[in-house]
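Here's the structure we're looking at; comments come further down.
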Amino acid sequence: MERGKTVRNKPQTEITYGLDSGVLYNSLVYESNIFDSYVEAVECGVMSSSYVQLFAMPASNIKRRLEKWAEIWNSLVFTQSQVAKAREVLLSKEFFNSEGLGNTPAIMGKSYLLFKDAEKLDRDYFYELFHLTAEDLNSFKREWLGFDKVFTGFMKSPRCNFDINSFEFPKEKGDDKNKEREIIKNGRTKCFVKKLDASPFISGCILKKGGAAMDLKGLPGSFKLAVSSIFASADGMTFDETNSYLDKFGIKIKPLNSNSYAGLEWTARDSFTEEATGIIERFFNNKIKEDDFEKERLNALSNISMMKEYPGYHIKTAAYKELFAGTPWEYPSDGTEEAVSKMTLEDARKVRDIFMEKNDFAISIAGAADTETAKSLLSGFRSGKSQLAFPARITKPLSGKTIKIPLKGKDQAYITKIFRGPTHYDKDFETMQLLECYLTGERSPLFTELREKSGLVYTFTFYGTNTPVGGAEMFAAITSPEKIKAVQEVFEKAVDEIRNGKLVEERLNETKNTLATNFAKVLQSSSFYAKNMAVEEVLGIKAGTYLRQLEIINSITPEMIRAAAEKWLKKGTWILSGAV
């Protein structure tokens, strides 16, 4: 398998990831000219396996060559982009060898001798291959491939007088240089930096705790409209027009407005980093022009008008009122029609001043990121800490009633059941994420029952959401009016079975595999790192938790799912809209 970056602080030359050459080969043979040839292999046996490095070198300066090899191996750190490329190489090789992933890879030989189940091993092999991260390999190297575990064989020609006993292996392992992040500070304001080798992009995220909690009193959704106005172009273009213009230069910028935080996300090609930071500074210094505000307000009203024609909009509005009444999250984040109509330019400027008053932003960059870019971003932020506090957690059980919202002219019924659910801070958060994935998708037992066997629904999903005052789990389906009761009965039965521990183990393993595959894909994106580093800082989540998602999900057992379902899916509210 291809290996990671080799020499600290040394510029990495362009690497060709072929089937027989990787980072170590390039470094040891091509770049440093230490060896004439170099090969890595894993030798498999029934009870154990061995990782082997084979190399040949000229007879001159042997001790120096071995010391150089030891230095490079000791400082070797895997990066996620290199692991992703190595995964592609292995999959390509396996595909062409097996004409469609059909044979048992050689690396699984010892397991096959023990278990005699080639089909199962194929599944396990590709599952493991997809979910491995750079940190998994770094941890494995530190634990199993240190110099304290090395056995050395040395063969020399009669003319070579080098004594292998004169060579001493390093007694300590090298530092782990694949740091999760570097932290650059300017007063109390911090910027997190994550370098991704060979990334042609730099992604950034500038977030602040807030979201709907920053709405003006009596004007729900005012913060969303103010955020759109803040980040409208200072040149008189709407935000969409600005992004179309910036796209010519490989720059994308968008405002973020979630239940818990708000700010700006951006991505630029590494050659336009300086331009992107300048544009971001302009956005944050924008005082909101009247024309920009009116454009964004009319756009918001148009969106609300269109959404009101959709039954799902009324269901979500009723759900949030049922779940989060008495808090800023009771109303739609896009704003109500009345609030948006009443909002003025002065209101927007007031929200902007509240948002910018204390610059306790979380700033992060990833990809082609460097210290100078971090310092440039930090220079525009003054230190400060807002006094914003979120309301207390809502724990009161739901009513269990049924809410009907008829809409004229609709011939389909939109039905939803809502439950209280976990937030990021609850230990069941990842467990419920796994359950959500288990219940959705064309291969889920619930899909099979609702669509394939009974033909009861056109579409359905089961998903979660959360706010600072509590989370929610929601089942949503579209069906014919006469089938509403049957759909409800199927869903209730499915929930009862899960509460009683009845899970399809094969489907559960497949669900974990799906999540692992999705995780492997996003790990190649610089925006994934940038956003998650900022979100963890803003929400007070332990740094690096987002990189442990596979480890956490793989540790979830059927009993943990049963217990979580028993806790969260116990008393809910049905909300029906459309032809009801």
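Identifiers for the structure tokens are assigned positionally: chains receive A, B, ... in sequence, residues are indexed from 1 per chain, and ligands are indexed from 1 in the order shown.
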
Legend entry - Picked from region 164-366 of chain A by DSSP as strand (DSSP E or B), as a VMD selection string: chain A and resid 182 to 186 189 to 195 201 to 209 251 to 257 261 to 269 362 to 366

Inset, instruction - Tell me, as a PyMOL selection string, which residues lie within 10 Å of Thr545 (chain A), counting only C-alpha atoms; anything in the same chain fewer than 4 positions away does not count. - result: chain A and resi 532-533+536+541+549+551-552

Expected file: the selected residues, N, CA and C atoms, as a compact mmCIF listing (two decimals), in the first residue's frame:
# COMPACT_ATOMS: atom_id res chain seq x y z
N ASN A 532 -15.99 21.01 10.17
CA ASN A 532 -16.10 20.26 11.41
C ASN A 532 -15.20 20.80 12.52
N MET A 533 -14.02 21.28 12.17
CA MET A 533 -13.15 21.88 13.18
C MET A 533 -13.83 23.10 13.80
N GLU A 536 -17.01 22.04 15.97
CA GLU A 536 -16.63 21.48 17.28
C GLU A 536 -16.25 22.59 18.25
N ILE A 541 -17.69 20.78 21.46
CA ILE A 541 -17.51 19.33 21.33
C ILE A 541 -16.02 19.03 21.34
N GLN A 549 -15.99 9.12 14.04
CA GLN A 549 -17.34 8.66 13.77
C GLN A 549 -17.40 7.18 13.43
N GLU A 551 -15.24 4.81 14.28
CA GLU A 551 -14.94 4.06 15.50
C GLU A 551 -16.16 3.99 16.41
N ILE A 552 -16.84 5.11 16.54
CA ILE A 552 -18.03 5.15 17.40
C ILE A 552 -19.15 4.29 16.81

I'd like the contact shell of region 520-523 of chain A - 10 Å cut-off, only C-alpha atoms, skipping same-chain residues fewer than 3 positions apart - returned as a PDB file with N, CA and C atoms, in the first residue's frame.
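Final output, saved to result-v5.pdb:
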ATOM      1  N   GLN A  80      -4.578  11.606   4.827  1.00  0.00           N
ATOM      2  CA  GLN A  80      -5.823  11.037   4.331  1.00  0.00           C
ATOM      3  C   GLN A  80      -5.890  11.034   2.808  1.00  0.00           C
ATOM      4  N   SER A  81      -5.331  12.066   2.177  1.00  0.00           N
ATOM      5  CA  SER A  81      -5.378  12.100   0.721  1.00  0.00           C
ATOM      6  C   SER A  81      -4.557  10.960   0.129  1.00  0.00           C
ATOM      7  N   VAL A  83      -3.968   8.044   1.646  1.00  0.00           N
ATOM      8  CA  VAL A  83      -4.707   6.813   1.925  1.00  0.00           C
ATOM      9  C   VAL A  83      -5.836   6.635   0.910  1.00  0.00           C
ATOM     10  N   ALA A  84      -6.506   7.734   0.563  1.00  0.00           N
ATOM     11  CA  ALA A  84      -7.597   7.667  -0.415  1.00  0.00           C
ATOM     12  C   ALA A  84      -7.069   7.217  -1.778  1.00  0.00           C
ATOM     13  N   ARG A  87      -6.249   3.581  -1.670  1.00  0.00           N
ATOM     14  CA  ARG A  87      -7.483   2.782  -1.719  1.00  0.00           C
ATOM     15  C   ARG A  87      -7.952   2.615  -3.161  1.00  0.00           C
ATOM     16  N   LEU A 129     -11.469  -1.905   4.008  1.00  0.00           N
ATOM     17  CA  LEU A 129     -10.704  -1.052   3.099  1.00  0.00           C
ATOM     18  C   LEU A 129     -11.342   0.327   2.981  1.00  0.00           C
ATOM     19  N   PHE A 130     -12.661   0.379   2.924  1.00  0.00           N
ATOM     20  CA  PHE A 130     -13.341   1.658   2.768  1.00  0.00           C
ATOM     21  C   PHE A 130     -13.303   2.492   4.033  1.00  0.00           C
ATOM     22  N   HIS A 131     -13.304   1.838   5.202  1.00  0.00           N
ATOM     23  CA  HIS A 131     -13.440   2.659   6.409  1.00  0.00           C
ATOM     24  C   HIS A 131     -12.102   3.024   7.040  1.00  0.00           C
ATOM     25  N   LEU A 132     -10.998   2.474   6.560  1.00  0.00           N
ATOM     26  CA  LEU A 132      -9.699   2.828   7.120  1.00  0.00           C
ATOM     27  C   LEU A 132      -9.373   4.301   6.878  1.00  0.00           C
ATOM     28  N   THR A 133      -8.895   4.970   7.905  1.00  0.00           N
ATOM     29  CA  THR A 133      -8.479   6.368   7.797  1.00  0.00           C
ATOM     30  C   THR A 133      -6.977   6.469   7.993  1.00  0.00           C
ATOM     31  N   ALA A 134      -6.448   7.650   7.750  1.00  0.00           N
ATOM     32  CA  ALA A 134      -5.015   7.876   7.936  1.00  0.00           C
ATOM     33  C   ALA A 134      -4.618   7.616   9.382  1.00  0.00           C
ATOM     34  N   THR A 514     -22.411   1.248   4.656  1.00  0.00           N
ATOM     35  CA  THR A 514     -22.828   2.435   3.914  1.00  0.00           C
ATOM     36  C   THR A 514     -22.270   3.700   4.546  1.00  0.00           C
ATOM     37  N   LEU A 515     -22.385   3.798   5.863  1.00  0.00           N
ATOM     38  CA  LEU A 515     -21.859   4.964   6.566  1.00  0.00           C
ATOM     39  C   LEU A 515     -20.341   5.043   6.430  1.00  0.00           C
ATOM     40  N   ALA A 516     -19.680   3.883   6.464  1.00  0.00           N
ATOM     41  CA  ALA A 516     -18.222   3.872   6.313  1.00  0.00           C
ATOM     42  C   ALA A 516     -17.807   4.350   4.929  1.00  0.00           C
ATOM     43  N   THR A 517     -18.535   3.917   3.898  1.00  0.00           N
ATOM     44  CA  THR A 517     -18.228   4.335   2.534  1.00  0.00           C
ATOM     45  C   THR A 517     -18.430   5.840   2.375  1.00  0.00           C
ATOM     46  N   SER A 526     -11.559  19.012   1.591  1.00  0.00           N
ATOM     47  CA  SER A 526     -11.022  19.992   2.530  1.00  0.00           C
ATOM     48  C   SER A 526     -12.138  20.692   3.298  1.00  0.00           C
ATOM     49  N   SER A 527     -13.294  20.884   2.673  1.00  0.00           N
ATOM     50  CA  SER A 527     -14.408  21.559   3.343  1.00  0.00           C
ATOM     51  C   SER A 527     -14.925  20.739   4.520  1.00  0.00           C
ATOM     52  N   PHE A 528     -14.823  19.400   4.452  1.00  0.00           N
ATOM     53  CA  PHE A 528     -15.237  18.535   5.547  1.00  0.00           C
ATOM     54  C   PHE A 528     -14.446  18.848   6.811  1.00  0.00           C
ATOM     55  N   TYR A 529     -13.129  18.968   6.666  1.00  0.00           N
ATOM     56  CA  TYR A 529     -12.274  19.264   7.815  1.00  0.00           C
ATOM     57  C   TYR A 529     -12.522  20.673   8.332  1.00  0.00           C
ATOM     58  N   LEU A 547     -13.656  12.909  13.518  1.00  0.00           N
ATOM     59  CA  LEU A 547     -12.824  11.885  12.883  1.00  0.00           C
ATOM     60  C   LEU A 547     -12.995  10.517  13.532  1.00  0.00           C
ATOM     61  N   LEU A 550     -16.447   6.694  12.636  1.00  0.00           N
ATOM     62  CA  LEU A 550     -16.469   5.267  12.283  1.00  0.00           C
ATOM     63  C   LEU A 550     -16.201   4.394  13.497  1.00  0.00           C
TER      64      LEU A 550
END

Counting only C-alpha atoms, what is within 9 Å of Asn243 (chain A), bar same-chain residues fewer than 6 positions away, as a short mmCIF file (atom, residue, chain, number, x, y, z; two decimals) with C-alpha atoms, in the first residue's frame?
data_model
loop_
_atom_site.label_atom_id
_atom_site.label_comp_id
_atom_site.auth_asym_id
_atom_site.auth_seq_id
_atom_site.Cartn_x
_atom_site.Cartn_y
_atom_site.Cartn_z
CA ILE A 251 -13.93 30.92 -5.45
CA LYS A 252 -17.20 29.88 -3.78
CA ILE A 253 -18.69 31.57 -0.72
CA LYS A 254 -21.96 30.86 1.08
#

Legend entry - Backbone-only DSSP, helix (DSSP H, G or I) members of region 435-559 of chain A, as a PyMOL selection string: chain A and resi 435-439+445-453+481-499+505-522+526-539+545-554+558-559

Hey, can you spit out that residue selection with C-alpha atoms as a compact mmCIF listing (two decimals), in the first residue's frame?
# COMPACT_ATOMS: atom_id res chain seq x y z
CA LEU A 435 -30.83 3.75 13.30
CA GLU A 436 -31.92 6.51 10.88
CA CYS A 437 -29.75 4.98 8.16
CA TYR A 438 -30.95 1.46 9.06
CA LEU A 439 -34.61 2.45 8.56
CA PRO A 445 -36.92 -3.70 6.19
CA LEU A 446 -39.25 -0.71 6.49
CA PHE A 447 -38.88 0.17 2.81
CA THR A 448 -39.53 -3.45 1.85
CA GLU A 449 -42.72 -3.53 3.90
CA LEU A 450 -44.07 -0.12 2.89
CA ARG A 451 -43.16 -0.10 -0.80
CA GLU A 452 -42.26 -3.53 -2.11
CA LYS A 453 -44.78 -5.71 -0.26
CA PRO A 481 -55.40 9.44 1.85
CA GLU A 482 -57.06 6.04 2.14
CA LYS A 483 -53.74 4.40 3.11
CA ILE A 484 -52.79 6.70 5.99
CA LYS A 485 -53.88 4.31 8.75
CA ALA A 486 -52.10 1.33 7.16
CA VAL A 487 -48.84 3.32 6.86
CA GLN A 488 -49.11 4.38 10.50
CA GLU A 489 -49.61 0.79 11.61
CA VAL A 490 -46.58 -0.47 9.66
CA PHE A 491 -44.35 2.22 11.12
CA GLU A 492 -45.58 1.70 14.67
CA LYS A 493 -44.96 -2.04 14.33
CA ALA A 494 -41.43 -1.42 13.02
CA VAL A 495 -40.66 0.84 16.01
CA ASP A 496 -42.06 -1.74 18.45
CA GLU A 497 -39.84 -4.43 16.93
CA ILE A 498 -36.75 -2.26 17.31
CA ARG A 499 -37.68 -1.46 20.93
CA GLU A 505 -28.21 -8.19 11.56
CA GLU A 506 -27.26 -8.35 7.89
CA ARG A 507 -29.02 -5.02 7.27
CA LEU A 508 -27.30 -3.47 10.31
CA ASN A 509 -23.86 -4.50 9.05
CA GLU A 510 -24.75 -3.21 5.60
CA THR A 511 -25.80 0.09 7.15
CA LYS A 512 -22.47 0.43 8.92
CA ASN A 513 -20.78 -0.31 5.60
CA THR A 514 -22.83 2.44 3.91
CA LEU A 515 -21.86 4.96 6.57
CA ALA A 516 -18.22 3.87 6.31
CA THR A 517 -18.23 4.34 2.53
CA ASN A 518 -19.78 7.79 2.84
CA PHE A 519 -17.24 8.69 5.51
CA ALA A 520 -14.35 7.57 3.30
CA LYS A 521 -15.61 9.81 0.51
CA VAL A 522 -15.97 13.00 2.55
CA SER A 526 -11.02 19.99 2.53
CA SER A 527 -14.41 21.56 3.34
CA PHE A 528 -15.24 18.53 5.55
CA TYR A 529 -12.27 19.26 7.81
CA ALA A 530 -12.73 23.05 7.81
CA LYS A 531 -16.39 22.97 8.77
CA ASN A 532 -16.10 20.26 11.41
CA MET A 533 -13.15 21.88 13.18
CA ALA A 534 -15.13 25.12 13.44
CA VAL A 535 -18.37 23.41 14.49
CA GLU A 536 -16.63 21.48 17.28
CA GLU A 537 -15.14 24.70 18.64
CA VAL A 538 -18.44 26.62 18.43
CA LEU A 539 -20.53 23.87 20.06
CA THR A 545 -14.70 13.82 17.55
CA TYR A 546 -15.75 14.10 13.90
CA LEU A 547 -12.82 11.88 12.88
CA ARG A 548 -13.91 9.19 15.35
CA GLN A 549 -17.34 8.66 13.77
CA LEU A 550 -16.47 5.27 12.28
CA GLU A 551 -14.94 4.06 15.50
CA ILE A 552 -18.03 5.15 17.40
CA ILE A 553 -20.50 3.71 14.86
CA ASN A 554 -18.65 0.39 14.63
CA PRO A 558 -28.06 -4.09 18.61
CA GLU A 559 -28.63 -3.72 22.36
